[in-house]
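Pasted below: my_file.cif, mmCIF, C-alpha atoms.
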```cif
data_upload
#
loop_
_atom_site.label_atom_id
_atom_site.label_comp_id
_atom_site.auth_asym_id
_atom_site.auth_seq_id
_atom_site.Cartn_x
_atom_site.Cartn_y
_atom_site.Cartn_z
CA MET A 1 -60.59 -22.81 105.64
CA THR A 2 -63.35 -24.17 107.83
CA VAL A 3 -66.98 -24.97 107.20
CA GLU A 4 -68.88 -23.30 110.02
CA ARG A 5 -72.20 -24.79 109.13
CA ASN A 6 -73.83 -26.69 106.30
CA GLU A 7 -77.23 -27.91 105.31
CA ALA A 8 -78.74 -29.83 102.43
CA HIS A 9 -81.94 -29.15 100.53
CA GLU A 10 -83.67 -31.52 98.18
CA ILE A 11 -84.61 -30.03 94.83
CA ARG A 12 -87.77 -31.66 93.52
CA THR A 13 -90.08 -28.78 92.56
CA ALA A 14 -89.85 -25.14 91.54
CA ASN A 15 -90.68 -24.18 95.13
CA ASP A 16 -87.46 -25.83 96.30
CA ILE A 17 -85.54 -23.37 94.13
CA VAL A 18 -87.23 -20.51 95.97
CA ARG A 19 -86.25 -22.05 99.30
CA VAL A 20 -82.61 -22.48 98.27
CA ARG A 21 -82.52 -18.83 97.18
CA GLN A 22 -83.98 -17.68 100.49
CA ARG A 23 -81.52 -19.74 102.55
CA ILE A 24 -78.56 -18.52 100.49
CA ARG A 25 -79.68 -14.95 101.05
CA GLU A 26 -80.02 -15.49 104.81
CA TRP A 27 -76.56 -17.00 105.05
CA ALA A 28 -75.01 -14.32 102.84
CA VAL A 29 -76.49 -11.67 105.12
CA GLU A 30 -75.06 -13.55 108.10
CA ALA A 31 -71.64 -13.67 106.43
CA GLY A 32 -71.82 -9.89 106.09
CA PHE A 33 -72.21 -9.70 102.30
CA SER A 34 -73.06 -6.35 100.69
CA LEU A 35 -76.37 -6.10 98.87
CA VAL A 36 -74.64 -6.50 95.50
CA ASP A 37 -72.74 -9.61 96.63
CA GLN A 38 -75.89 -11.10 98.18
CA THR A 39 -77.75 -10.59 94.91
CA LYS A 40 -74.93 -12.17 92.92
CA ILE A 41 -74.71 -15.39 94.91
CA VAL A 42 -78.51 -15.64 95.17
CA THR A 43 -78.86 -15.25 91.40
CA ALA A 44 -76.12 -17.83 90.77
CA ALA A 45 -77.90 -20.21 93.16
CA SER A 46 -81.15 -19.66 91.29
CA GLU A 47 -79.53 -20.59 87.96
CA LEU A 48 -77.78 -23.67 89.31
CA ALA A 49 -80.72 -24.98 91.32
CA ARG A 50 -82.94 -24.60 88.26
CA ASN A 51 -80.41 -26.50 86.12
CA THR A 52 -80.41 -29.28 88.73
CA LEU A 53 -84.20 -29.46 88.54
CA GLU A 54 -84.71 -29.05 84.80
CA HIS A 55 -81.70 -30.80 83.33
CA GLY A 56 -80.71 -33.13 86.17
CA GLY A 57 -84.27 -34.18 86.99
CA GLY A 58 -83.87 -33.01 90.60
CA GLY A 59 -81.10 -33.48 93.12
CA ILE A 60 -79.52 -32.01 96.22
CA ALA A 61 -78.31 -28.48 96.97
CA ARG A 62 -75.78 -28.25 99.81
CA ILE A 63 -75.10 -24.84 101.32
CA GLU A 64 -71.99 -24.13 103.41
CA LEU A 65 -71.05 -21.12 105.47
CA LEU A 66 -67.27 -20.75 105.23
CA ALA A 67 -64.62 -18.98 107.28
CA ASP A 68 -61.04 -18.54 106.08
CA GLY A 69 -58.90 -16.36 108.30
CA GLY A 70 -60.77 -13.10 108.52
CA ARG A 71 -63.00 -13.52 105.53
CA ARG A 72 -66.26 -15.37 105.26
CA GLY A 73 -68.02 -16.94 102.34
CA VAL A 74 -70.96 -18.96 101.14
CA ARG A 75 -70.62 -22.08 99.05
CA LEU A 76 -73.29 -23.92 97.12
CA ILE A 77 -72.94 -27.43 95.77
CA CYS A 78 -75.67 -28.59 93.37
CA GLU A 79 -75.63 -32.27 92.60
CA ASP A 80 -77.84 -34.44 90.44
CA ARG A 81 -77.88 -37.94 88.99
CA GLY A 82 -79.23 -36.82 85.66
CA PRO A 83 -77.93 -37.41 82.16
CA GLY A 84 -74.74 -35.37 82.69
CA ILE A 85 -73.13 -32.89 80.32
CA ALA A 86 -71.23 -34.29 77.36
CA ASP A 87 -69.40 -31.10 76.41
CA ILE A 88 -68.83 -28.79 79.38
CA GLN A 89 -67.09 -26.09 77.33
CA LEU A 90 -70.10 -25.93 75.03
CA ALA A 91 -72.53 -25.81 77.98
CA LEU A 92 -70.60 -22.86 79.43
CA LYS A 93 -70.75 -20.95 76.16
CA ASP A 94 -73.08 -17.97 76.21
CA GLY A 95 -76.14 -18.48 74.09
CA TYR A 96 -75.86 -22.26 73.96
CA THR A 97 -78.98 -23.94 75.28
CA SER A 98 -80.13 -27.54 75.17
CA ARG A 99 -83.73 -26.44 75.68
CA ASN A 100 -85.29 -23.10 74.91
CA GLY A 101 -83.77 -20.91 77.60
CA LEU A 102 -81.50 -17.93 77.03
CA GLY A 103 -78.42 -20.13 77.32
CA LEU A 104 -76.79 -17.84 79.84
CA GLY A 105 -77.45 -19.62 83.13
CA LEU A 106 -74.31 -21.69 83.63
CA GLY A 107 -71.87 -19.15 82.19
CA GLY A 108 -73.68 -16.35 83.99
CA ALA A 109 -73.46 -18.21 87.30
CA ARG A 110 -69.71 -18.60 86.75
CA ARG A 111 -69.31 -14.84 86.28
CA LEU A 112 -71.32 -14.10 89.44
CA VAL A 113 -69.07 -16.05 91.84
CA ASN A 114 -65.41 -16.16 92.87
CA ASP A 115 -64.80 -19.90 92.56
CA PHE A 116 -66.55 -22.17 90.10
CA ALA A 117 -66.09 -25.87 89.53
CA ILE A 118 -68.08 -28.32 87.49
CA GLU A 119 -67.78 -32.09 87.28
CA SER A 120 -69.98 -34.15 85.04
CA ARG A 121 -70.02 -37.60 83.53
CA PRO A 122 -72.52 -38.49 80.84
CA GLY A 123 -75.06 -40.92 82.26
CA GLU A 124 -73.95 -40.41 85.86
CA GLY A 125 -74.78 -36.86 86.82
CA THR A 126 -73.42 -33.39 87.38
CA ARG A 127 -71.97 -31.51 90.34
CA VAL A 128 -71.45 -27.76 90.29
CA THR A 129 -69.66 -26.04 93.17
CA VAL A 130 -69.64 -22.25 93.51
CA THR A 131 -68.24 -20.01 96.23
CA ARG A 132 -68.61 -16.32 96.80
CA TRP A 133 -66.39 -14.56 99.33
CA ARG A 134 -67.18 -11.34 101.08
CA MET B 1 -108.52 -62.53 107.23
CA SER B 2 -111.59 -64.32 105.93
CA PRO B 3 -114.43 -61.86 105.50
CA GLU B 4 -117.08 -64.54 106.03
CA ARG B 5 -116.03 -65.14 109.57
CA SER B 6 -118.06 -62.89 111.79
CA THR B 7 -116.32 -60.79 114.33
CA ARG B 8 -117.07 -60.69 118.03
CA ILE B 9 -116.22 -57.00 118.16
CA THR B 10 -119.85 -55.98 117.48
CA GLU B 11 -121.10 -57.91 120.43
CA ILE B 12 -118.30 -56.72 122.71
CA LEU B 13 -118.88 -53.10 121.72
CA ARG B 14 -122.58 -53.38 122.49
CA LYS B 15 -122.25 -55.31 125.70
CA HIS B 16 -119.58 -53.11 127.28
CA GLU B 17 -120.41 -49.81 125.71
CA SER B 18 -120.50 -47.73 128.89
CA GLU B 19 -117.32 -49.25 130.36
CA ILE B 20 -115.41 -48.84 127.12
CA LEU B 21 -116.62 -45.25 126.88
CA SER B 22 -115.55 -44.29 130.37
CA ASP B 23 -112.15 -46.04 130.01
CA TRP B 24 -111.61 -44.38 126.66
CA VAL B 25 -112.54 -40.89 127.85
CA ARG B 26 -110.17 -41.30 130.80
CA GLU B 27 -107.41 -42.48 128.47
CA GLN B 28 -107.96 -39.45 126.25
CA SER B 29 -108.02 -36.91 129.05
CA GLU B 30 -104.72 -38.32 130.26
CA SER B 31 -103.08 -38.36 126.85
CA ILE B 32 -104.25 -34.89 125.93
CA ALA B 33 -103.95 -33.47 129.43
CA ARG B 34 -101.81 -30.70 128.03
CA ARG B 35 -104.51 -29.68 125.57
CA ARG B 36 -107.28 -28.99 128.10
CA ASP B 37 -107.07 -25.46 126.88
CA LEU B 38 -108.31 -26.55 123.46
CA ILE B 39 -111.22 -28.85 124.20
CA SER B 40 -113.60 -29.26 127.15
CA ASP B 41 -114.19 -32.56 128.96
CA GLN B 42 -117.84 -32.34 128.05
CA GLU B 43 -117.14 -31.94 124.34
CA LEU B 44 -114.68 -34.82 124.45
CA LYS B 45 -117.22 -37.08 126.11
CA THR B 46 -119.98 -36.20 123.63
CA GLN B 47 -117.70 -36.84 120.67
CA SER B 48 -116.48 -40.13 122.08
CA LYS B 49 -119.98 -41.41 122.81
CA GLU B 50 -121.22 -40.52 119.35
CA PHE B 51 -118.21 -42.12 117.69
CA LEU B 52 -118.55 -45.33 119.68
CA GLY B 53 -122.21 -45.60 118.66
CA LEU B 54 -121.42 -45.09 114.99
CA LEU B 55 -118.51 -47.52 115.15
CA ALA B 56 -120.64 -50.29 116.66
CA GLU B 57 -123.26 -49.81 113.98
CA ALA B 58 -120.73 -49.76 111.14
CA VAL B 59 -119.04 -52.95 112.35
CA ARG B 60 -122.43 -54.64 112.66
CA ASN B 61 -123.65 -53.65 109.21
CA GLY B 62 -120.51 -53.38 107.18
CA GLY B 63 -118.00 -55.66 108.84
CA LEU B 64 -114.37 -54.76 109.10
CA GLU B 65 -113.61 -54.57 105.42
CA ASP B 66 -113.84 -51.53 103.24
CA VAL B 67 -113.48 -48.97 106.01
CA SER B 68 -112.19 -46.35 103.60
CA ARG B 69 -114.88 -46.79 100.93
CA GLY B 70 -117.77 -48.88 102.21
CA ARG B 71 -121.23 -47.28 102.38
CA GLU B 72 -121.81 -48.61 105.89
CA TRP B 73 -118.78 -46.67 107.07
CA THR B 74 -119.87 -43.34 105.63
CA ALA B 75 -121.19 -42.01 108.94
CA VAL B 76 -117.97 -42.93 110.77
CA ARG B 77 -115.81 -41.36 108.08
CA GLU B 78 -117.87 -38.19 108.05
CA MET B 79 -117.65 -37.87 111.80
CA LEU B 80 -113.86 -38.40 111.78
CA ALA B 81 -113.49 -35.86 108.98
CA GLY B 82 -115.50 -33.36 111.03
CA ILE B 83 -113.38 -33.98 114.10
CA SER B 84 -110.19 -33.72 112.10
CA ARG B 85 -111.30 -30.43 110.58
CA SER B 86 -112.47 -28.87 113.84
CA ARG B 87 -109.37 -30.00 115.71
CA SER B 88 -107.01 -28.64 113.11
CA ILE B 89 -108.81 -25.30 113.53
CA GLN B 90 -108.63 -25.63 117.34
CA GLY B 91 -104.86 -26.03 117.03
CA PHE B 92 -104.33 -29.75 117.55
CA THR B 93 -101.42 -31.39 115.74
CA PRO B 94 -102.17 -34.33 113.39
CA SER B 95 -100.74 -36.76 115.97
CA GLU B 96 -102.97 -35.37 118.67
CA THR B 97 -105.94 -35.67 116.35
CA ALA B 98 -105.14 -39.30 115.48
CA THR B 99 -104.74 -40.04 119.18
CA PHE B 100 -108.50 -39.63 119.47
CA VAL B 101 -108.88 -42.95 117.65
CA PHE B 102 -105.71 -44.69 118.81
CA SER B 103 -106.51 -44.11 122.47
CA LEU B 104 -109.57 -46.34 122.08
CA LYS B 105 -107.28 -49.37 121.76
CA PRO B 106 -106.53 -50.11 125.45
CA ALA B 107 -110.17 -49.82 126.48
CA LEU B 108 -111.41 -52.04 123.65
CA PHE B 109 -108.59 -54.58 123.93
CA ARG B 110 -109.24 -54.94 127.65
CA ARG B 111 -112.88 -55.90 127.04
CA ILE B 112 -111.95 -58.27 124.24
CA ARG B 113 -109.51 -59.97 126.60
CA ASP B 114 -112.09 -60.24 129.38
CA ASP B 115 -114.62 -61.88 127.08
CA LEU B 116 -112.33 -64.16 125.11
CA VAL B 117 -109.80 -65.09 127.77
CA LYS B 118 -110.58 -68.80 127.38
CA ASP B 119 -109.76 -69.02 123.68
CA ALA B 120 -106.27 -67.70 122.96
CA GLY B 121 -106.62 -68.19 119.20
CA GLU B 122 -109.83 -66.20 118.96
CA LEU B 123 -108.56 -63.58 121.40
CA PHE B 124 -105.50 -62.98 119.25
CA GLU B 125 -107.56 -62.84 116.07
CA GLU B 126 -110.07 -60.31 117.44
CA VAL B 127 -107.36 -58.09 118.94
CA ARG B 128 -105.53 -58.16 115.63
CA ARG B 129 -108.68 -57.16 113.77
CA ALA B 130 -109.56 -54.40 116.21
CA ASP B 131 -105.98 -53.14 116.04
CA GLU B 132 -106.03 -53.01 112.27
CA LEU B 133 -109.43 -51.33 112.22
CA LEU B 134 -108.42 -48.56 114.62
CA ASP B 135 -105.12 -48.05 112.80
CA ARG B 136 -106.98 -47.44 109.57
CA LEU B 137 -109.43 -45.04 111.17
CA GLY B 138 -106.62 -43.17 112.92
CA LEU B 139 -104.70 -42.82 109.69
CA TYR B 140 -107.86 -41.60 108.03
CA THR B 141 -108.00 -38.60 110.40
CA THR B 142 -104.41 -37.79 109.45
CA GLU B 143 -105.26 -38.02 105.77
CA VAL B 144 -108.18 -35.62 106.18
CA TYR B 145 -106.02 -33.28 108.23
CA GLN B 146 -103.38 -33.21 105.51
CA LYS B 147 -105.96 -32.73 102.78
CA ASN B 148 -107.41 -29.73 104.60
CA ARG B 149 -103.96 -28.21 104.89
CA GLU B 150 -103.29 -28.77 101.21
CA GLU B 151 -106.57 -27.11 100.29
CA VAL B 152 -105.66 -24.07 102.38
CA ILE B 153 -102.23 -23.85 100.74
CA LEU B 154 -103.66 -24.25 97.26
CA ARG B 155 -106.25 -21.55 97.90
CA GLN B 156 -103.58 -19.20 99.22
CA GLN B 157 -101.42 -19.86 96.17
CA GLN B 158 -104.30 -19.03 93.88
CA ASP B 159 -105.09 -15.90 95.88
CA MET B 160 -101.47 -14.86 95.52
CA LEU B 161 -101.52 -15.43 91.78
CA GLU B 162 -104.36 -13.00 91.38
CA LEU B 163 -103.35 -10.56 94.07
CA SER B 164 -99.89 -10.03 92.79
CA THR B 165 -100.75 -9.13 89.22
CA PRO B 166 -102.90 -6.02 89.22
CA VAL B 167 -102.67 -3.94 86.08
CA VAL B 168 -103.25 -0.30 86.97
CA LYS B 169 -104.00 2.60 84.71
CA LEU B 170 -101.72 5.52 85.47
CA TRP B 171 -102.95 7.84 82.75
CA GLU B 172 -104.94 7.71 79.56
CA GLY B 173 -102.84 5.36 77.44
CA VAL B 174 -100.41 4.39 80.21
CA LEU B 175 -100.65 1.09 82.11
CA ALA B 176 -98.43 -0.06 84.96
CA LEU B 177 -97.84 -3.59 86.18
CA PRO B 178 -96.21 -3.64 89.61
CA MET B 179 -94.76 -7.11 89.97
CA ILE B 180 -94.06 -8.60 93.38
CA GLY B 181 -92.28 -11.76 94.44
CA THR B 182 -91.02 -14.65 92.39
CA LEU B 183 -91.63 -14.61 88.67
CA ASP B 184 -91.97 -18.34 88.16
CA SER B 185 -93.68 -19.58 85.03
CA ALA B 186 -97.24 -19.96 86.34
CA ARG B 187 -97.23 -16.42 87.69
CA THR B 188 -95.60 -14.97 84.60
CA GLN B 189 -98.23 -16.58 82.44
CA VAL B 190 -100.97 -14.83 84.45
CA VAL B 191 -99.03 -11.56 84.35
CA MET B 192 -98.70 -11.71 80.60
CA GLU B 193 -102.33 -12.58 80.02
CA THR B 194 -103.71 -9.83 82.25
CA LEU B 195 -101.43 -7.25 80.74
CA LEU B 196 -102.30 -8.14 77.15
CA GLN B 197 -105.99 -8.21 78.02
CA ARG B 198 -105.81 -4.75 79.57
CA ILE B 199 -103.87 -3.38 76.60
CA VAL B 200 -106.73 -4.45 74.36
CA GLU B 201 -109.37 -3.03 76.70
CA THR B 202 -107.74 0.35 77.24
CA GLY B 203 -105.91 0.80 73.97
CA ALA B 204 -102.85 1.74 75.99
CA GLU B 205 -99.75 2.81 74.10
CA VAL B 206 -97.25 2.43 76.92
CA ALA B 207 -97.02 -0.31 79.54
CA ILE B 208 -94.65 -0.05 82.48
CA LEU B 209 -93.40 -3.31 84.03
CA ASP B 210 -92.19 -2.44 87.50
CA ILE B 211 -89.92 -5.05 89.09
CA THR B 212 -89.12 -3.16 92.31
CA GLY B 213 -90.79 -6.00 94.24
CA VAL B 214 -88.95 -8.82 92.47
CA PRO B 215 -85.99 -9.83 94.66
CA THR B 216 -84.09 -11.96 92.15
CA VAL B 217 -83.77 -11.43 88.42
CA ASP B 218 -82.12 -14.49 86.90
CA THR B 219 -82.04 -15.62 83.29
CA LEU B 220 -85.48 -17.23 83.48
CA THR B 221 -87.05 -14.08 84.95
CA ALA B 222 -85.30 -12.00 82.28
CA GLN B 223 -86.57 -14.30 79.57
CA HIS B 224 -90.13 -14.01 80.89
CA LEU B 225 -89.83 -10.22 80.97
CA LEU B 226 -88.51 -10.10 77.43
CA LYS B 227 -91.32 -12.34 76.19
CA THR B 228 -93.90 -10.13 77.88
CA VAL B 229 -92.34 -7.05 76.27
CA THR B 230 -92.36 -8.69 72.84
CA ALA B 231 -95.98 -9.79 73.15
CA ALA B 232 -97.06 -6.31 74.31
CA ARG B 233 -95.21 -4.77 71.39
CA LEU B 234 -97.06 -7.04 68.97
CA MET B 235 -100.27 -5.69 70.49
CA GLY B 236 -99.11 -2.18 69.73
CA ALA B 237 -97.89 -1.08 73.16
CA ASP B 238 -94.36 -0.02 74.05
CA CYS B 239 -92.93 -1.38 77.28
CA ILE B 240 -90.71 0.27 79.86
CA ILE B 241 -89.12 -1.85 82.58
CA SER B 242 -88.68 0.06 85.83
CA GLY B 243 -87.46 -0.73 89.31
CA ILE B 244 -84.01 -1.86 88.24
CA ARG B 245 -81.93 -1.41 91.39
CA PRO B 246 -78.12 -1.14 91.28
CA GLN B 247 -77.55 -4.71 92.46
CA ILE B 248 -80.00 -6.04 89.86
CA ALA B 249 -78.30 -4.00 87.12
CA GLN B 250 -74.90 -5.45 88.03
CA THR B 251 -76.25 -8.98 88.16
CA ILE B 252 -77.93 -8.65 84.77
CA VAL B 253 -74.63 -7.46 83.28
CA HIS B 254 -72.73 -10.44 84.76
CA LEU B 255 -75.36 -12.85 83.54
CA GLY B 256 -74.88 -11.43 80.07
CA VAL B 257 -78.58 -10.80 79.48
CA ALA B 258 -79.12 -8.27 76.70
CA LEU B 259 -82.27 -6.26 77.23
CA GLY B 260 -81.89 -5.06 73.66
CA ASP B 261 -83.85 -1.96 72.79
CA VAL B 262 -86.17 -2.18 75.80
CA THR B 263 -86.29 1.10 77.69
CA THR B 264 -85.36 0.64 81.32
CA LYS B 265 -85.59 3.07 84.24
CA ALA B 266 -84.50 2.99 87.85
CA THR B 267 -87.82 4.00 89.34
CA LEU B 268 -91.50 3.89 88.47
CA ALA B 269 -91.57 7.71 88.58
CA ASP B 270 -88.84 7.94 85.91
CA ALA B 271 -90.71 5.41 83.78
CA PHE B 272 -93.95 7.38 84.14
CA ALA B 273 -92.18 10.60 83.09
CA ALA B 274 -90.75 8.79 80.05
CA ALA B 275 -94.21 7.45 79.17
CA LEU B 276 -95.77 10.93 79.32
CA LYS B 277 -93.00 12.30 77.14
CA ARG B 278 -93.59 9.59 74.57
CA LEU B 279 -97.28 10.58 74.46
CA ASN B 280 -96.33 14.26 74.16
CA LEU B 281 -97.84 15.05 77.52
CA ALA B 282 -96.27 17.23 80.17
CA VAL B 283 -96.93 17.70 83.85
CA GLY B 284 -96.47 21.24 85.13
CA ARG B 285 -97.22 23.26 88.20
CA ALA B 286 -100.64 24.90 88.01
CA ALA B 287 -100.59 28.68 87.74
CA VAL B 288 -101.44 30.11 91.15
CA ALA B 289 -104.43 32.42 91.02
CA ARG B 290 -103.53 35.89 92.27
CA GLY B 291 -106.01 37.80 94.28
#
```
What does the file become when written as structure tokens?
Amino acid sequence: MTVERNEAHEIRTANDIVRVRQRIREWAVEAGFSLVDQTKIVTAASELARNTLEHGGGGIARIELLADGGRRGVRLICEDRGPGIADIQLALKDGYTSRNGLGLGLGGARRLVNDFAIESRPGEGTRVTVTRWR
Amino acid sequence: MSPERSTRITEILRKHESEILSDWVREQSESIARRRDLISDQELKTQSKEFLGLLAEAVRNGGLEDVSRGREWTAVREMLAGISRSRSIQGFTPSETATFVFSLKPALFRRIRDDLVKDAGELFEEVRRADELLDRLGLYTTEVYQKNREEVILRQQQDMLELSTPVVKLWEGVLALPMIGTLDSARTQVVMETLLQRIVETGAEVAILDITGVPTVDTLTAQHLLKTVTAARLMGADCIISGIRPQIAQTIVHLGVALGDVTTKATLADAFAAALKRLNLAVGRAAVARG
């Protein structure tokens, strides 16, 4: 698997989430995603970037355009140095929310992508990596 | 820098005004040679002359301190703000605009050197002061430039907020809210308020929220929609969400968002038909008059 291209976006304000969504959509179109697949990865990106902003206090979103043999994909890595997640299983549970959201963002994002990985240490930060293949 | 010590810059500016002006104008026409299309030589010369006059007066009356706030510097600041504004409209970049001030340095420094060549200590001190002064004034033009840009962006954002939330009356008792773009919280707040206000005004029984123009429906957007529906219901109006495209439907399912008992339709037309039915109204083809 090779990374054809990558770029990083800072997430500091709600507008940065919009920009990440737009870039993900552009790259998904370039990778030849169908409309449904585009919408899925864009929506997952929206959830994760918002988590980075609201729970992580801001951070970095890295986008990668991937090629693996004949297939292409888009990967998003959202990283923050926020408080971290103490119980990842609980955070992934539908309906669980630490604020007053719907509590579906993280679990929903996992269902919208092909590969999902989350690393978090309380007090150090959180990194979520998601990949959607065509 | 001790403020009590008077500066020789006033005297140098007055004594060599015409030489400094012609050197400076030459410097500018060389540095902005590529921008001849944007500003005429005559305009450049008039601006430069006026600025030099104001600068000399401000240094004489106000000294070199307090450039950004002092009353004596008001005229200079106003002129720079005007230049910055007009140049940003003419298409200059912020660097090109600041160059107007920075390009005065060589001409001024040259005259300071000529006059103070015998006293190296004083020469250094005056050049340092002049340098600092022009740096501040140059940065001021950039600040104004940026502020103008921010004002434009802010105004556009506010325009968008209002533009994108029109509540339209489709029929007696039926309102539609065609939503476009990103449903972030500030926008959604406006959407909700206008809708509720119009429900009160019109006594509408059905409100259609059309999300055809919303590219991404994530959990936050869904939550905002559900809140709007609940609020409208408390006001006595039923809501129908329309414009749910296949890709949005699939995404909502994967996210696990339950729209509960909210009626949803694929298109605005379907939603309108459902609204009429709920009000016991029917649309039919008019009987054709036979001759």
Q: Using the chain letters and residue numbers of this document, give as a list in words the residues selected by the PyMOL selection byres ((chain B) within 8 of (chain A)).
A: Thr182, Asp184, Thr216, Val217, Asp218, Thr219, Leu220, Gln223, Pro246, Gln247, Ile248, Gln250, Thr251, His254, Leu255, Gly256 and Val257 of chain B
Q: Find the residues around B:Val168 up to 8 Å (all atoms listed in the file counted), leave out those fewer than 4 positions away in its own chain, and share them as a PyMOL selection string.
A: chain B and resi 175-177
Could you dump the residues just selected with C-alpha atoms as a PDB file, in the frame of the given file?
```pdb
ATOM      1  CA  LEU B 175    -100.650   1.090  82.110  1.00  0.00           C
ATOM      2  CA  ALA B 176     -98.430  -0.060  84.960  1.00  0.00           C
ATOM      3  CA  LEU B 177     -97.840  -3.590  86.180  1.00  0.00           C
TER       4      LEU B 177
END
```
Q) Could you state the separation of atom CA of B:Gly284 and atom CA of B:Ala204 in Å, given to one decimal place? A)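 Value for the atom CA of B:Gly284-atom CA of B:Ala204 distance: 22.5 Å.
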Q. Atom CA of B:Lys105 and atom CA of B:Ser68, how far apart in Å?
A. 19.1 Å
Q: Can you pull out every residue within 10 Å of A:Ile88, counting only C-alpha atoms, but drop anything in the same chain fewer than 5 positions away, and send it as a list of chain:residue names?
A: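 Returned residues: A:Lys93, A:Leu106, A:Ile118, A:Glu119, A:Ser120, A:Arg121.
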Selected residues written out, C-alpha atoms, as a PDB file, keeping the file's coordinate frame:
```
ATOM      1  CA  LYS A  93     -70.750 -20.950  76.160  1.00  0.00           C
ATOM      2  CA  LEU A 106     -74.310 -21.690  83.630  1.00  0.00           C
ATOM      3  CA  ILE A 118     -68.080 -28.320  87.490  1.00  0.00           C
ATOM      4  CA  GLU A 119     -67.780 -32.090  87.280  1.00  0.00           C
ATOM      5  CA  SER A 120     -69.980 -34.150  85.040  1.00  0.00           C
ATOM      6  CA  ARG A 121     -70.020 -37.600  83.530  1.00  0.00           C
TER       7      ARG A 121
END
```
Q: Select, counting all atoms listed in the file, all protein, DNA and RNA residues no farther than 12 Å from (-115.2, -50.7, 133.2) in file coordinates, and express the selection as a ChimeraX atom specification.
A: /B:15-26,106-108,110-111,114
Q | One-decimal distance in Å that lies between atom CA of B:Gln28 and atom CA of B:Val76 | A |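 Separating atom CA of B:Val76 from atom CA of B:Gln28 is a distance of 18.8 Å.
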Q: Identify the residues within 12 Å of coordinate (-116.8, -31.7, 114.2) (same frame as the file), considering all atoms listed in the file, and give the answer as a count of residues only.
A: 25
Q: Between A:Leu90, A:Ile11, A:Ala49, A:Val29, single out the one closest to A:Arg72, counting all atoms listed in the file.
A: A:Val29
Q: With a distance cut-off of 6 Å and only C-alpha atoms, select the neighbouring residues of A:Glu79, excluding the residue or stretch itself and same-chain residues fewer than 3 positions from it, and output the selection as a ChimeraX atom specification.
A: /A:59-60,126-127
